[in-house]
file model05.cif (mmCIF, C-alpha atoms)
data_work
loop_
_atom_site.label_atom_id
_atom_site.label_comp_id
_atom_site.auth_asym_id
_atom_site.auth_seq_id
_atom_site.Cartn_x
_atom_site.Cartn_y
_atom_site.Cartn_z
CA MET W 25 -46.85 71.93 -11.85
CA LEU W 26 -47.18 68.72 -9.88
CA SER W 27 -48.90 68.86 -6.52
CA ARG W 28 -47.16 67.43 -3.46
CA ARG W 29 -49.61 64.50 -3.52
CA GLY W 30 -48.89 63.78 -7.21
CA LEU W 31 -45.17 63.95 -6.66
CA LEU W 32 -45.34 61.42 -3.82
CA ALA W 33 -47.53 59.08 -5.85
CA GLY W 34 -45.14 59.25 -8.79
CA SER W 35 -42.19 58.49 -6.55
CA ALA W 36 -43.96 55.47 -5.09
CA LEU W 37 -44.73 54.10 -8.56
CA ALA W 38 -41.12 54.56 -9.63
CA LEU W 39 -39.91 52.71 -6.52
CA LEU W 40 -42.24 49.79 -7.20
CA ALA W 41 -41.14 49.64 -10.80
CA GLY W 42 -37.50 49.57 -9.71
CA CYS W 43 -38.13 46.68 -7.30
CA SER W 44 -39.82 44.55 -9.96
CA SER W 45 -37.35 45.24 -12.77
CA PRO W 46 -34.10 43.33 -13.29
CA PRO W 47 -31.00 45.15 -12.09
CA ALA W 48 -28.93 47.06 -14.59
CA GLY W 49 -25.62 45.68 -15.82
CA PRO W 50 -24.62 42.29 -17.23
CA PRO W 51 -26.84 39.28 -16.49
CA PRO W 52 -25.68 36.90 -13.75
CA GLY W 53 -23.59 33.90 -14.74
CA PRO W 54 -25.11 30.44 -15.21
CA PRO W 55 -26.15 28.62 -12.04
CA ALA W 56 -24.16 25.68 -10.76
CA VAL W 57 -25.06 22.54 -12.66
CA PRO W 58 -26.60 19.95 -10.31
CA GLU W 59 -25.95 16.26 -10.58
CA PRO W 60 -28.12 14.94 -13.43
CA ALA W 61 -31.17 13.00 -12.36
CA HIS W 62 -30.55 10.51 -15.16
CA PRO W 63 -27.27 9.18 -16.53
CA SER W 64 -25.51 11.44 -19.00
CA ALA W 65 -22.66 9.96 -21.05
CA LEU W 66 -19.36 11.80 -21.22
CA ARG W 67 -18.74 13.77 -24.41
CA ASP W 68 -14.99 14.38 -24.20
CA PRO W 69 -12.06 11.98 -23.68
CA VAL W 70 -10.97 14.03 -20.64
CA THR W 71 -13.41 15.58 -18.19
CA VAL W 72 -12.43 17.39 -14.99
CA GLN W 73 -15.19 18.29 -12.55
CA ARG W 74 -15.18 19.65 -9.02
CA MET W 75 -17.20 17.44 -6.66
CA HIS W 76 -18.08 17.81 -3.00
CA SER W 77 -17.12 14.81 -0.91
CA ALA W 78 -19.00 14.59 2.37
CA ALA W 79 -16.74 11.68 3.36
CA ARG W 80 -13.67 13.88 3.01
CA GLY W 81 -15.34 17.09 4.13
CA THR W 82 -13.98 19.01 1.14
CA ASP W 83 -14.25 19.50 -2.61
CA VAL W 84 -12.20 17.21 -4.84
CA ASP W 85 -11.31 16.95 -8.51
CA LEU W 86 -12.86 14.06 -10.39
CA VAL W 87 -10.83 13.42 -13.55
CA LEU W 88 -12.44 11.04 -16.03
CA ILE W 89 -10.40 9.68 -18.93
CA THR W 90 -11.82 7.60 -21.79
CA PRO W 91 -10.19 6.39 -25.02
CA GLU W 92 -10.57 8.76 -27.97
CA GLY W 93 -13.08 7.60 -30.55
CA VAL W 94 -14.79 5.16 -28.18
CA PRO W 95 -18.30 5.85 -26.80
CA ALA W 96 -17.99 6.36 -23.06
CA SER W 97 -21.44 5.05 -22.17
CA GLY W 98 -21.29 1.82 -20.18
CA LEU W 99 -17.50 1.53 -20.03
CA PRO W 100 -15.95 -0.37 -17.11
CA VAL W 101 -13.88 1.82 -14.78
CA CYS W 102 -10.48 1.67 -13.11
CA LEU W 103 -9.89 4.03 -10.20
CA ALA W 104 -6.55 5.87 -10.26
CA LEU W 105 -5.06 6.94 -6.92
CA HIS W 106 -2.22 9.47 -6.92
CA GLY W 107 0.86 9.71 -4.72
CA ARG W 108 1.61 11.97 -1.78
CA GLY W 109 1.85 15.63 -2.74
CA ALA W 110 0.22 14.95 -6.11
CA GLN W 111 -3.41 15.23 -7.20
CA ALA W 112 -5.91 13.65 -9.58
CA ARG W 113 -4.74 15.90 -12.43
CA THR W 114 -1.26 14.36 -12.10
CA PHE W 115 -2.45 11.48 -14.27
CA LEU W 116 -2.96 13.99 -17.08
CA SER W 117 0.61 15.26 -16.80
CA LEU W 118 1.82 11.64 -16.83
CA GLY W 119 0.21 11.23 -20.25
CA VAL W 120 -2.47 8.73 -19.26
CA PRO W 121 -5.07 9.94 -21.83
CA ALA W 122 -2.71 9.27 -24.76
CA LEU W 123 -1.55 5.98 -23.24
CA LEU W 124 -5.12 4.75 -22.80
CA THR W 125 -6.06 5.67 -26.37
CA ALA W 126 -2.91 4.04 -27.76
CA ALA W 127 -3.54 0.84 -25.78
CA VAL W 128 -7.11 0.56 -27.04
CA ARG W 129 -6.03 1.16 -30.64
CA ALA W 130 -3.47 -1.61 -30.18
CA GLY W 131 -6.18 -4.05 -29.11
CA THR W 132 -6.63 -3.58 -25.36
CA PRO W 133 -10.35 -3.66 -24.50
CA PRO W 134 -11.61 -0.11 -23.81
CA PHE W 135 -12.23 1.16 -20.30
CA ALA W 136 -12.42 4.45 -18.41
CA ILE W 137 -10.05 5.76 -15.76
CA ALA W 138 -11.38 7.79 -12.84
CA ALA W 139 -8.83 9.75 -10.82
CA ILE W 140 -9.85 11.52 -7.61
CA ASP W 141 -8.05 13.76 -5.12
CA GLY W 142 -7.00 11.96 -1.93
CA ASP W 143 -4.67 12.35 1.03
CA HIS W 144 -2.92 10.62 4.00
CA TYR W 145 -2.37 7.28 2.27
CA TRP W 146 -6.03 7.09 1.23
CA VAL W 147 -7.19 5.89 4.65
CA ASN W 148 -8.94 7.39 7.64
CA VAL W 149 -6.26 8.42 10.11
CA GLY W 150 -8.63 9.50 12.86
CA SER W 151 -10.02 12.72 11.40
CA ASP W 152 -13.23 13.59 9.58
CA ASP W 153 -11.43 13.00 6.27
CA ASP W 154 -12.03 9.44 5.03
CA PRO W 155 -10.84 8.83 1.44
CA GLN W 156 -11.76 5.13 1.55
CA ARG W 157 -15.36 5.99 2.39
CA MET W 158 -15.39 8.45 -0.50
CA LEU W 159 -14.23 5.70 -2.87
CA THR W 160 -16.78 3.21 -1.55
CA ASP W 161 -19.84 5.35 -0.85
CA GLU W 162 -19.63 8.38 -3.14
CA VAL W 163 -17.64 7.57 -6.26
CA PRO W 164 -20.09 4.87 -7.49
CA GLY W 165 -22.85 7.50 -7.68
CA TRP W 166 -20.56 9.95 -9.45
CA LEU W 167 -19.76 7.31 -12.06
CA ALA W 168 -23.36 6.19 -12.50
CA SER W 169 -24.52 9.77 -13.11
CA ARG W 170 -22.11 9.83 -16.07
CA ASP W 171 -23.34 6.51 -17.44
CA LEU W 172 -20.21 4.63 -16.41
CA ARG W 173 -20.17 1.24 -14.72
CA PRO W 174 -19.04 0.82 -11.10
CA ALA W 175 -15.28 0.63 -10.61
CA SER W 176 -14.03 -2.92 -11.05
CA ALA W 177 -10.29 -2.14 -10.92
CA VAL W 178 -7.93 0.16 -9.06
CA PHE W 179 -4.44 1.44 -9.74
CA GLY W 180 -2.20 3.52 -7.49
CA ILE W 181 1.18 5.22 -7.54
CA SER W 182 3.29 5.42 -4.35
CA MET W 183 0.87 6.55 -1.61
CA GLY W 184 -1.88 5.64 -4.07
CA GLY W 185 -0.49 2.11 -4.20
CA PHE W 186 -1.02 1.84 -0.45
CA GLY W 187 -4.56 3.14 -0.92
CA ALA W 188 -5.26 0.81 -3.84
CA LEU W 189 -4.27 -2.23 -1.80
CA ARG W 190 -6.39 -1.03 1.11
CA PHE W 191 -9.34 -0.61 -1.26
CA ALA W 192 -8.73 -4.08 -2.69
CA ARG W 193 -8.89 -5.64 0.76
CA ALA W 194 -12.41 -4.27 1.18
CA HIS W 195 -13.47 -5.15 -2.38
CA PRO W 196 -12.34 -8.71 -3.12
CA ASP W 197 -14.38 -8.83 -6.33
CA LEU W 198 -12.10 -6.37 -8.15
CA LYS W 199 -10.88 -7.72 -11.47
CA ALA W 200 -7.57 -5.84 -11.46
CA VAL W 201 -5.39 -4.19 -8.81
CA ALA W 202 -2.14 -2.55 -9.90
CA THR W 203 0.53 -0.65 -7.99
CA ALA W 204 3.58 1.31 -9.11
CA SER W 205 6.19 2.04 -6.45
CA ALA W 206 3.70 1.26 -3.69
CA ALA W 207 4.60 3.15 -0.50
CA LEU W 208 4.52 0.32 2.03
CA PHE W 209 6.04 0.16 5.51
CA VAL W 210 7.79 -2.83 7.02
CA SER W 211 7.64 -1.53 10.62
CA TRP W 212 5.83 0.97 12.81
CA PRO W 213 8.93 3.20 13.22
CA ASP W 214 9.14 3.35 9.42
CA ALA W 215 5.47 4.28 9.11
CA ARG W 216 5.59 6.68 12.07
CA SER W 217 8.36 8.66 10.38
CA ARG W 218 5.82 9.74 7.75
CA LYS W 219 3.79 11.58 10.40
CA VAL W 220 0.50 10.52 8.84
CA PHE W 221 -1.05 7.69 10.85
CA ALA W 222 -2.86 8.43 14.11
CA ASP W 223 -1.03 5.70 16.02
CA GLU W 224 0.38 2.21 15.62
CA ALA W 225 -3.05 0.59 15.71
CA ASN W 226 -4.24 2.85 12.91
CA TRP W 227 -1.23 1.85 10.80
CA ARG W 228 -1.55 -1.87 11.58
CA ASP W 229 -5.19 -1.82 10.52
CA SER W 230 -4.30 -0.16 7.21
CA GLU W 231 -0.90 -1.59 6.23
CA PRO W 232 -1.24 -3.99 3.26
CA LEU W 233 1.89 -5.95 4.23
CA LEU W 234 0.16 -7.02 7.44
CA HIS W 235 -2.91 -8.39 5.63
CA PRO W 236 -1.60 -10.36 2.61
CA ALA W 237 -4.31 -13.02 2.88
CA GLU W 238 -6.92 -10.37 2.03
CA LEU W 239 -5.29 -9.69 -1.35
CA HIS W 240 -6.09 -11.88 -4.35
CA PRO W 241 -2.98 -12.79 -6.35
CA GLY W 242 -4.79 -13.44 -9.63
CA ALA W 243 -5.93 -9.82 -9.87
CA LEU W 244 -2.74 -8.16 -8.62
CA GLY W 245 0.12 -6.58 -10.54
CA VAL W 246 3.12 -4.98 -8.81
CA TRP W 247 5.66 -2.68 -10.45
CA CYS W 248 8.64 -1.02 -8.74
CA GLY W 249 11.96 0.51 -9.74
CA GLU W 250 15.16 -1.13 -8.61
CA SER W 251 16.41 2.18 -7.19
CA ASP W 252 13.14 2.95 -5.40
CA PRO W 253 13.29 3.42 -1.60
CA PHE W 254 10.23 1.17 -1.32
CA LEU W 255 11.83 -1.67 -3.29
CA GLY W 256 12.38 -3.85 -0.23
CA ALA W 257 8.81 -3.41 0.98
CA ASP W 258 7.39 -4.13 -2.47
CA ARG W 259 9.50 -7.28 -2.73
CA ARG W 260 7.99 -8.39 0.58
CA LEU W 261 4.53 -7.84 -0.91
CA VAL W 262 5.38 -9.99 -3.93
CA LYS W 263 6.81 -12.75 -1.74
CA ALA W 264 3.74 -12.74 0.53
CA VAL W 265 1.06 -12.62 -2.18
CA SER W 266 2.64 -14.05 -5.37
CA PRO W 267 0.79 -11.66 -7.69
CA ALA W 268 -0.12 -12.48 -11.28
CA VAL W 269 2.45 -9.95 -12.49
CA SER W 270 5.49 -8.49 -10.74
CA ARG W 271 8.02 -6.27 -12.50
CA PHE W 272 11.21 -4.94 -10.93
CA SER W 273 13.18 -2.94 -13.45
CA PRO W 274 15.67 -0.04 -13.54
CA GLY W 275 14.23 3.22 -12.25
CA GLY W 276 13.56 5.34 -9.21
CA HIS W 277 10.60 6.84 -7.42
CA ASP W 278 9.84 9.45 -10.05
CA ASP W 279 7.76 10.47 -13.08
CA GLU W 280 10.26 9.03 -15.54
CA TYR W 281 9.88 5.55 -14.11
CA TRP W 282 6.09 5.79 -13.89
CA ARG W 283 5.75 6.98 -17.48
CA GLY W 284 7.84 3.98 -18.50
CA VAL W 285 5.65 1.36 -16.80
CA LEU W 286 2.23 2.93 -17.32
CA PRO W 287 1.72 1.32 -20.76
CA GLU W 288 2.17 -2.12 -19.19
CA ILE W 289 -0.18 -1.25 -16.35
CA VAL W 290 -2.89 0.10 -18.67
CA LYS W 291 -2.69 -3.11 -20.71
CA PHE W 292 -2.74 -5.27 -17.55
CA VAL W 293 -5.91 -3.55 -16.32
CA GLY W 294 -7.69 -3.50 -19.67
CA GLU W 295 -7.15 -7.21 -20.33
CA ARG W 296 -8.72 -8.08 -16.99
CA LEU W 297 -11.72 -5.79 -17.44
CA SER W 298 -12.73 -7.29 -20.79
#

call {"tool": "encode", "arguments": {"input": "model05.cif", "output": "structure tokens"}}
result
Amino acid sequence: MLSRRGLLAGSALALLAGCSSPPAGPPPGPPAVPEPAHPSALRDPVTVQRMHSAARGTDVDLVLITPEGVPASGLPVCLALHGRGAQARTFLSLGVPALLTAAVRAGTPPFAIAAIDGDHYWVNVGSDDDPQRMLTDEVPGWLASRDLRPASAVFGISMGGFGALRFARAHPDLKAVATASAALFVSWPDARSRKVFADEANWRDSEPLLHPAELHPGALGVWCGESDPFLGADRRLVKAVSPAVSRFSPGGHDDEYWRGVLPEIVKFVGERLS
């Protein structure tokens, strides 16, 4: 029989063994993968990763699209900015991966498309959420860590068109700037009705129609449907800037129209990034 002292000693040893042994049950899942210290080229034509944006104060999707069969390393990049109520993954549902691959196979120089989640017309409207700062300060590092070149083009749909033009004003060296159905506002009452901008000064500072001299016509392409509610505003943009390409054709403010013009836009961007 064990003495009281032996029993206590045995219990103590068992407790120590339990503390130093791994817990029972399945092993824990893999740890979160940190940003690579050195560039790492993309392996798949479509990559979706969740990133933390300090500029926006939230996590965002980063959707990277490259042409199938083309090495991603060192490709030039076009940013893709979605419309209001949409998200970065919207460019997948619009068929952009297949369009990009088809364009490259048809002779358009290869490039990558980087779509990111944004909001409130891609500008700072007086909160701690600043999508433009994310695009300028954070996205370049995200691209470099995947062995992609800095963004040298930007494309936006609707609200994203507003954001793309705002980005272009701050980055005059962009080689291509394209908009589809750009959501632009010809007056403060029109903009105020969207309940997005902090005040009139905030809108005036951001509105592309009020700063046409800061846009470079040689790099700009404008597309809009003839039944689009923003048709009048987009015509004003074309008249003020005289872009390299302007296309007004049948269509509304919807996916069907955007799918129809995206092949032209992809070609427009790729030819200017070569």

call {"tool": "residues_around", "arguments": {"input": "model05.cif", "residues": "Arg170 in chain W", "least_positions_apart": "3", "cutoff": "7 Å", "atoms": "only C-alpha atoms", "output": "PyMOL selection string"}}
result
chain W and resi 63-66+166-167

call {"tool": "axis_aligned_box", "arguments": {"input": "model05.cif", "around": "range 268-276 of chain W", "padding_each_side": "8 Å", "output": "lines of an AutoDock Vina configuration file"}}
result
center_x = 7.8
center_y = -3.6
center_z = -11.4
size_x = 31.8
size_y = 33.8
size_z = 20.3

call {"tool": "atom_distance", "arguments": {"input": "model05.cif", "atom1": "CA of Gly245 in chain W", "atom2": "CA of Gly276 in chain W"}}
result
18.0 Å

call {"tool": "closest_atom_pairs", "arguments": {"input": "model05.cif", "of": "range 143-214 of chain W", "to": "range 251-255 of chain W", "cutoff": "7 Å", "atoms": "only C-alpha atoms", "output": "tab-separated table"}}
result
residue	atom	partner	partner_atom	distance
W:Ser205	CA	W:Phe254	CA	6.6
W:Ala206	CA	W:Phe254	CA	6.9
W:Ala207	CA	W:Phe254	CA	6.0
W:Leu208	CA	W:Phe254	CA	6.7

call {"tool": "resolve_selection", "arguments": {"input": "model05.cif", "expression": "the PyMOL selection byres ((chain W and resi 291-293) around 12)", "output": "PDB file with C-alpha atoms, keeping the file's coordinate frame"}}
result
ATOM      1  CA  PRO W 100     -15.950  -0.370 -17.110  1.00  0.00           C
ATOM      2  CA  VAL W 101     -13.880   1.820 -14.780  1.00  0.00           C
ATOM      3  CA  CYS W 102     -10.480   1.670 -13.110  1.00  0.00           C
ATOM      4  CA  LEU W 103      -9.890   4.030 -10.200  1.00  0.00           C
ATOM      5  CA  ALA W 104      -6.550   5.870 -10.260  1.00  0.00           C
ATOM      6  CA  VAL W 120      -2.470   8.730 -19.260  1.00  0.00           C
ATOM      7  CA  LEU W 123      -1.550   5.980 -23.240  1.00  0.00           C
ATOM      8  CA  LEU W 124      -5.120   4.750 -22.800  1.00  0.00           C
ATOM      9  CA  THR W 125      -6.060   5.670 -26.370  1.00  0.00           C
ATOM     10  CA  ALA W 126      -2.910   4.040 -27.760  1.00  0.00           C
ATOM     11  CA  ALA W 127      -3.540   0.840 -25.780  1.00  0.00           C
ATOM     12  CA  VAL W 128      -7.110   0.560 -27.040  1.00  0.00           C
ATOM     13  CA  ARG W 129      -6.030   1.160 -30.640  1.00  0.00           C
ATOM     14  CA  ALA W 130      -3.470  -1.610 -30.180  1.00  0.00           C
ATOM     15  CA  GLY W 131      -6.180  -4.050 -29.110  1.00  0.00           C
ATOM     16  CA  THR W 132      -6.630  -3.580 -25.360  1.00  0.00           C
ATOM     17  CA  PRO W 133     -10.350  -3.660 -24.500  1.00  0.00           C
ATOM     18  CA  PRO W 134     -11.610  -0.110 -23.810  1.00  0.00           C
ATOM     19  CA  PHE W 135     -12.230   1.160 -20.300  1.00  0.00           C
ATOM     20  CA  ALA W 136     -12.420   4.450 -18.410  1.00  0.00           C
ATOM     21  CA  ILE W 137     -10.050   5.760 -15.760  1.00  0.00           C
ATOM     22  CA  ALA W 175     -15.280   0.630 -10.610  1.00  0.00           C
ATOM     23  CA  SER W 176     -14.030  -2.920 -11.050  1.00  0.00           C
ATOM     24  CA  ALA W 177     -10.290  -2.140 -10.920  1.00  0.00           C
ATOM     25  CA  VAL W 178      -7.930   0.160  -9.060  1.00  0.00           C
ATOM     26  CA  PHE W 179      -4.440   1.440  -9.740  1.00  0.00           C
ATOM     27  CA  GLY W 180      -2.200   3.520  -7.490  1.00  0.00           C
ATOM     28  CA  LEU W 198     -12.100  -6.370  -8.150  1.00  0.00           C
ATOM     29  CA  LYS W 199     -10.880  -7.720 -11.470  1.00  0.00           C
ATOM     30  CA  ALA W 200      -7.570  -5.840 -11.460  1.00  0.00           C
ATOM     31  CA  VAL W 201      -5.390  -4.190  -8.810  1.00  0.00           C
ATOM     32  CA  ALA W 202      -2.140  -2.550  -9.900  1.00  0.00           C
ATOM     33  CA  THR W 203       0.530  -0.650  -7.990  1.00  0.00           C
ATOM     34  CA  GLY W 242      -4.790 -13.440  -9.630  1.00  0.00           C
ATOM     35  CA  ALA W 243      -5.930  -9.820  -9.870  1.00  0.00           C
ATOM     36  CA  LEU W 244      -2.740  -8.160  -8.620  1.00  0.00           C
ATOM     37  CA  GLY W 245       0.120  -6.580 -10.540  1.00  0.00           C
ATOM     38  CA  VAL W 246       3.120  -4.980  -8.810  1.00  0.00           C
ATOM     39  CA  TRP W 247       5.660  -2.680 -10.450  1.00  0.00           C
ATOM     40  CA  ALA W 268      -0.120 -12.480 -11.280  1.00  0.00           C
ATOM     41  CA  VAL W 269       2.450  -9.950 -12.490  1.00  0.00           C
ATOM     42  CA  SER W 270       5.490  -8.490 -10.740  1.00  0.00           C
ATOM     43  CA  ARG W 271       8.020  -6.270 -12.500  1.00  0.00           C
ATOM     44  CA  VAL W 285       5.650   1.360 -16.800  1.00  0.00           C
ATOM     45  CA  LEU W 286       2.230   2.930 -17.320  1.00  0.00           C
ATOM     46  CA  PRO W 287       1.720   1.320 -20.760  1.00  0.00           C
ATOM     47  CA  GLU W 288       2.170  -2.120 -19.190  1.00  0.00           C
ATOM     48  CA  ILE W 289      -0.180  -1.250 -16.350  1.00  0.00           C
ATOM     49  CA  VAL W 290      -2.890   0.100 -18.670  1.00  0.00           C
ATOM     50  CA  GLY W 294      -7.690  -3.500 -19.670  1.00  0.00           C
ATOM     51  CA  GLU W 295      -7.150  -7.210 -20.330  1.00  0.00           C
ATOM     52  CA  ARG W 296      -8.720  -8.080 -16.990  1.00  0.00           C
ATOM     53  CA  LEU W 297     -11.720  -5.790 -17.440  1.00  0.00           C
ATOM     54  CA  SER W 298     -12.730  -7.290 -20.790  1.00  0.00           C
TER      55      SER W 298
END

call {"tool": "resolve_selection", "arguments": {"input": "model05.cif", "expression": "the PyMOL selection byres ((chain W and resi 72) around 9)", "output": "ChimeraX atom specification"}}
result
/W:70-71,73-74,85-89,113

call {"tool": "residues_around", "arguments": {"input": "model05.cif", "residues": "range 216-233 of chain W", "least_positions_apart": "3", "cutoff": "9 Å", "atoms": "only C-alpha atoms", "output": "ChimeraX atom specification"}}
result
/W:144-145,147-151,186-187,189-190,193,208-213,236,238-239,257-258,260-261,264

call {"tool": "closest_residue", "arguments": {"input": "model05.cif", "among": "W:Leu99, W:Leu105, W:Met158, W:Ala138", "to": "Ser77 in chain W", "atoms": "only C-alpha atoms"}}
result
W:Met158

call {"tool": "atom_distance", "arguments": {"input": "model05.cif", "atom1": "CA of Gly284 in chain W", "atom2": "CA of Cys248 in chain W"}}
result
11.0 Å

call {"tool": "atom_distance", "arguments": {"input": "model05.cif", "atom1": "CA of Phe191 in chain W", "atom2": "CA of Pro155 in chain W"}}
result
9.9 Å

call {"tool": "closest_residue", "arguments": {"input": "model05.cif", "among": "W:Gly184, W:Gly98, W:Gly93, W:Gly142", "to": "Gln111 in chain W", "atoms": "all atoms listed in the file"}}
result
W:Gly142

call {"tool": "closest_residue", "arguments": {"input": "model05.cif", "among": "W:Pro267, W:Pro174, W:Gly185, W:Gly249", "to": "Arg108 in chain W", "atoms": "all atoms listed in the file"}}
result
W:Gly185

call {"tool": "closest_residue", "arguments": {"input": "model05.cif", "among": "W:Arg173, W:His240, W:His277, W:Arg259", "to": "Gly107 in chain W", "atoms": "all atoms listed in the file"}}
result
W:His277

call {"tool": "residues_near_point", "arguments": {"input": "model05.cif", "point": "(-15.7, 12.3, -4.5)", "cutoff": "8 Å", "atoms": "all atoms listed in the file", "output": "PyMOL selection string"}}
result
chain W and resi 75-80+83-86+140-141+158-159+162-163+166
